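Trainee: Before I ask anything, here is the structure I am working with.
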Amino acid sequence: VTTWPSLLCMAATWDPGAVRAFGVALGTEFAGKGANGILGPSINVHRVARNGRNFEYLSGEDPYLGAQLAPQYIQGVQSRGVFTVMKHWVMNEQETNRNTESSNVDPKTAWEIYYPPFQAAVDAGVDVAMCSYNLINQVYSCANPKTIKDLKEGMGFRGFVQSDWWATHNDTTVNAGLDQEMPGIAKKPGPFFGTNSLKAANPLDVNDAVERILAVIYR
């Protein structure tokens, strides 16, 4: 395997062409290993300078820069038949107390500062969005109907939303728009997306989740 530069290093190039070439090379290696997806790009706009994961984020401190570079990564990787996962949706700005802190953001600020790289990724055809550990306006990201509606309806995202590991917190998140639960249950044995909970969920929401996942597989 190749030791690739961090995405913050790629952001520091200010070079869409270099990021596109990076994405093609990365997708080629992942495809060669038999992978069908990659958990990237990370595109949050920096808010907290001490955030331990800032090095992962392709946007740096600039939503415009992120919006220019994210499509290049996505289209480069996906040109090799490997789906991309934009993360972490959304306002995931610090590692300190990451499972309990709430990022409180008004809609105008969200659309002008934090959403543009994600909107650009959606427009570029990103397949998956990973929701984050933090709360947004006091509601967990993976169970937040407001921000997931912004993603699916406001931005026109046609892929599926998957949780980060250990980021699903209750049985009703499929009704809020979460499409796929990844492993890791902090306070409950077994998955939240189990047979009984899915039977109790709105069947339209379950069908929508299934269709979105199958569409990515087909694509």
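We label chains A, B, ... in the order they appear in the structure tokens, count residues from 1 in each chain, and number ligands from 1 in the order shown.
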Val105 of chain A: which residues within 10 Å, counting only C-alpha atoms, same-chain residues fewer than 4 positions away excluded, as a list of chain:residue names?

Mentor: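 Near Val105 of chain A, the qualifying residues are A:Met91, A:Thr109, A:Ala110, A:Trp111, A:Tyr114, A:Ile136, A:Asn137.
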
Trainee: Residues at most 10 Å from segment 214-216 of chain A, counting only C-alpha atoms, excluding those fewer than 5 positions away in the same chain, as a PyMOL selection string?

Mentor: chain A and resi 83+126-128+158-160+208-209

Trainee: Do you know which residues are at most 8 Å from segment 23-28 of chain A counting only C-alpha atoms, after dropping those on the same chain fewer than 3 positions away, and could you put them as an mmCIF file with N, CA and C atoms, in the first residue's frame?

Mentor:
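Okay, this is what ended up in part09.cif:
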data_model
loop_
_atom_site.group_PDB
_atom_site.id
_atom_site.type_symbol
_atom_site.label_atom_id
_atom_site.label_comp_id
_atom_site.auth_asym_id
_atom_site.auth_seq_id
_atom_site.Cartn_x
_atom_site.Cartn_y
_atom_site.Cartn_z
ATOM 1 N N VAL A 19 -5.391 17.300 -6.940
ATOM 2 C CA VAL A 19 -6.333 16.522 -6.137
ATOM 3 C C VAL A 19 -7.049 15.492 -7.013
ATOM 4 N N ARG A 20 -7.352 15.848 -8.243
ATOM 5 C CA ARG A 20 -7.987 14.887 -9.157
ATOM 6 C C ARG A 20 -7.041 13.711 -9.430
ATOM 7 N N ALA A 31 -9.246 -0.142 -5.658
ATOM 8 C CA ALA A 31 -9.851 -1.129 -6.545
ATOM 9 C C ALA A 31 -8.953 -2.349 -6.681
ATOM 10 N N GLY A 32 -7.651 -2.122 -6.747
ATOM 11 C CA GLY A 32 -6.704 -3.219 -6.868
ATOM 12 C C GLY A 32 -6.674 -4.126 -5.659
ATOM 13 N N GLN A 72 -13.118 17.039 -7.112
ATOM 14 C CA GLN A 72 -11.982 16.422 -7.802
ATOM 15 C C GLN A 72 -11.615 15.081 -7.171
ATOM 16 N N TYR A 73 -11.584 15.053 -5.847
ATOM 17 C CA TYR A 73 -11.321 13.802 -5.130
ATOM 18 C C TYR A 73 -12.399 12.775 -5.482
ATOM 19 N N ILE A 74 -13.650 13.182 -5.383
ATOM 20 C CA ILE A 74 -14.773 12.256 -5.570
ATOM 21 C C ILE A 74 -14.790 11.693 -6.986
ATOM 22 N N GLN A 75 -14.696 12.548 -7.964
ATOM 23 C CA GLN A 75 -14.757 12.072 -9.338
ATOM 24 C C GLN A 75 -13.526 11.259 -9.708
ATOM 25 N N GLY A 76 -12.372 11.603 -9.123
ATOM 26 C CA GLY A 76 -11.174 10.813 -9.371
ATOM 27 C C GLY A 76 -11.293 9.407 -8.829
ATOM 28 N N VAL A 77 -11.695 9.275 -7.569
ATOM 29 C CA VAL A 77 -11.842 7.954 -6.957
ATOM 30 C C VAL A 77 -12.937 7.156 -7.649
ATOM 31 N N GLN A 78 -14.100 7.786 -7.872
ATOM 32 C CA GLN A 78 -15.225 7.044 -8.420
ATOM 33 C C GLN A 78 -15.029 6.670 -9.887
ATOM 34 N N SER A 79 -14.079 7.317 -10.553
ATOM 35 C CA SER A 79 -13.767 6.918 -11.926
ATOM 36 C C SER A 79 -13.147 5.531 -11.989
ATOM 37 N N ARG A 80 -12.697 5.038 -10.836
ATOM 38 C CA ARG A 80 -12.089 3.705 -10.770
ATOM 39 C C ARG A 80 -13.072 2.652 -10.254
ATOM 40 N N GLY A 81 -14.360 3.011 -10.158
ATOM 41 C CA GLY A 81 -15.368 2.048 -9.717
ATOM 42 C C GLY A 81 -15.423 1.868 -8.217
ATOM 43 N N VAL A 82 -14.920 2.833 -7.459
ATOM 44 C CA VAL A 82 -14.917 2.776 -5.996
ATOM 45 C C VAL A 82 -15.794 3.917 -5.490
#

Trainee: Please provide the set of residues having any atom within 8 Å of Gln94 of chain A, restricted to only C-alpha atoms, with same-chain residues fewer than 2 positions apart removed, written as a list in words.

Mentor: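 These residues fall inside the cut-off: Val48, Arg50, Asn51, Gly52, Arg53, Asn92, Thr96, Asn97 and Arg98 of chain A.
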
Trainee: Have a look at atom CA of Tyr115 of chain A and atom CA of Asn99 of chain A and let me know their distance in Å, one decimal.

Mentor: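 Taking atom CA of Tyr115 of chain A and atom CA of Asn99 of chain A, their separation equals 21.0 Å.
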
Trainee: Would you mind writing down, as number ranges by chain, each residue of segment 13-215 of chain A that DSSP on the backbone assigns to strand (DSSP E or B)?

Mentor: A: 37-38, 42, 57, 83-89, 102-103, 128-131, 135-136, 139-140, 160-163, 180

Trainee: What residues in segment 114-169 of chain A get the DSSP label alpha helix (DSSP H)? Please answer as a VMD selection string.

Mentor: chain A and resid 116 to 123 145 to 149

Trainee: Those same residues, written as a compact mmCIF listing (two decimals), in the first residue's frame with all heavy atoms?

Mentor:
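Written out: again.txt:
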# COMPACT_ATOMS: atom_id res chain seq x y z
N PRO A 116 -21.20 24.36 2.07
CA PRO A 116 -20.74 24.41 0.67
C PRO A 116 -19.87 23.25 0.20
O PRO A 116 -20.10 22.75 -0.93
CB PRO A 116 -19.99 25.75 0.61
CG PRO A 116 -20.73 26.62 1.57
CD PRO A 116 -21.06 25.69 2.72
N PRO A 117 -18.89 22.75 0.98
CA PRO A 117 -18.13 21.60 0.47
C PRO A 117 -19.01 20.36 0.27
O PRO A 117 -18.80 19.59 -0.67
CB PRO A 117 -17.07 21.36 1.55
CG PRO A 117 -16.92 22.69 2.23
CD PRO A 117 -18.31 23.26 2.25
N PHE A 118 -19.99 20.19 1.15
CA PHE A 118 -20.89 19.05 1.02
C PHE A 118 -21.82 19.21 -0.19
O PHE A 118 -22.08 18.24 -0.90
CB PHE A 118 -21.70 18.87 2.31
CG PHE A 118 -20.89 18.41 3.48
CD1 PHE A 118 -20.36 19.33 4.39
CD2 PHE A 118 -20.63 17.06 3.69
CE1 PHE A 118 -19.61 18.91 5.47
CE2 PHE A 118 -19.87 16.63 4.77
CZ PHE A 118 -19.36 17.56 5.66
N GLN A 119 -22.30 20.43 -0.41
CA GLN A 119 -23.12 20.68 -1.59
C GLN A 119 -22.33 20.39 -2.87
O GLN A 119 -22.85 19.77 -3.81
CB GLN A 119 -23.62 22.12 -1.60
CG GLN A 119 -24.47 22.48 -2.82
CD GLN A 119 -25.83 21.81 -2.81
OE1 GLN A 119 -26.70 22.18 -2.05
NE2 GLN A 119 -26.00 20.80 -3.67
N ALA A 120 -21.09 20.82 -2.90
CA ALA A 120 -20.25 20.56 -4.07
C ALA A 120 -20.01 19.06 -4.26
O ALA A 120 -19.99 18.57 -5.40
CB ALA A 120 -18.92 21.29 -3.94
N ALA A 121 -19.86 18.35 -3.16
CA ALA A 121 -19.68 16.90 -3.24
C ALA A 121 -20.93 16.23 -3.78
O ALA A 121 -20.86 15.31 -4.60
CB ALA A 121 -19.32 16.34 -1.86
N VAL A 122 -22.09 16.67 -3.32
CA VAL A 122 -23.35 16.13 -3.83
C VAL A 122 -23.47 16.40 -5.32
O VAL A 122 -23.82 15.50 -6.11
CB VAL A 122 -24.55 16.75 -3.06
CG1 VAL A 122 -25.87 16.39 -3.75
CG2 VAL A 122 -24.55 16.27 -1.61
N ASP A 123 -23.17 17.62 -5.73
CA ASP A 123 -23.26 17.97 -7.14
C ASP A 123 -22.29 17.14 -7.99
O ASP A 123 -22.55 16.91 -9.18
CB ASP A 123 -22.98 19.45 -7.33
CG ASP A 123 -24.04 20.34 -6.71
OD1 ASP A 123 -25.16 19.85 -6.43
OD2 ASP A 123 -23.76 21.54 -6.48
N PRO A 145 -33.46 14.97 11.97
CA PRO A 145 -34.24 15.06 10.73
C PRO A 145 -34.03 16.37 9.98
O PRO A 145 -34.14 16.41 8.75
CB PRO A 145 -35.69 14.92 11.21
CG PRO A 145 -35.66 15.31 12.65
CD PRO A 145 -34.31 14.91 13.16
N LYS A 146 -33.70 17.44 10.72
CA LYS A 146 -33.51 18.74 10.07
C LYS A 146 -32.29 18.72 9.15
O LYS A 146 -32.37 19.10 7.98
CB LYS A 146 -33.36 19.83 11.13
CG LYS A 146 -32.98 21.21 10.58
CD LYS A 146 -34.03 21.79 9.66
CE LYS A 146 -33.76 23.24 9.30
NZ LYS A 146 -32.54 23.39 8.49
N THR A 147 -31.14 18.30 9.67
CA THR A 147 -29.92 18.35 8.85
C THR A 147 -29.93 17.27 7.76
O THR A 147 -29.41 17.48 6.67
CB THR A 147 -28.66 18.22 9.72
OG1 THR A 147 -28.76 17.05 10.55
CG2 THR A 147 -28.50 19.45 10.61
N ILE A 148 -30.54 16.11 8.05
CA ILE A 148 -30.62 15.08 7.02
C ILE A 148 -31.58 15.52 5.91
O ILE A 148 -31.36 15.24 4.73
CB ILE A 148 -31.02 13.72 7.62
CG1 ILE A 148 -29.90 13.23 8.56
CG2 ILE A 148 -31.26 12.69 6.53
CD1 ILE A 148 -30.21 11.92 9.26
N LYS A 149 -32.64 16.25 6.29
CA LYS A 149 -33.53 16.81 5.27
C LYS A 149 -32.81 17.86 4.44
O LYS A 149 -32.97 17.92 3.21
CB LYS A 149 -34.76 17.42 5.93
CG LYS A 149 -35.79 17.94 4.94
CD LYS A 149 -37.04 18.47 5.64
CE LYS A 149 -38.05 18.96 4.64
NZ LYS A 149 -39.29 19.47 5.32

Trainee: Nearest to Asp164 of chain A: which of A:Lys152, A:Cys131, A:Leu8, A:Tyr140 is it, counting only C-alpha atoms?

Mentor: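 So, comparing all the options, the nearest one is A:Cys131.
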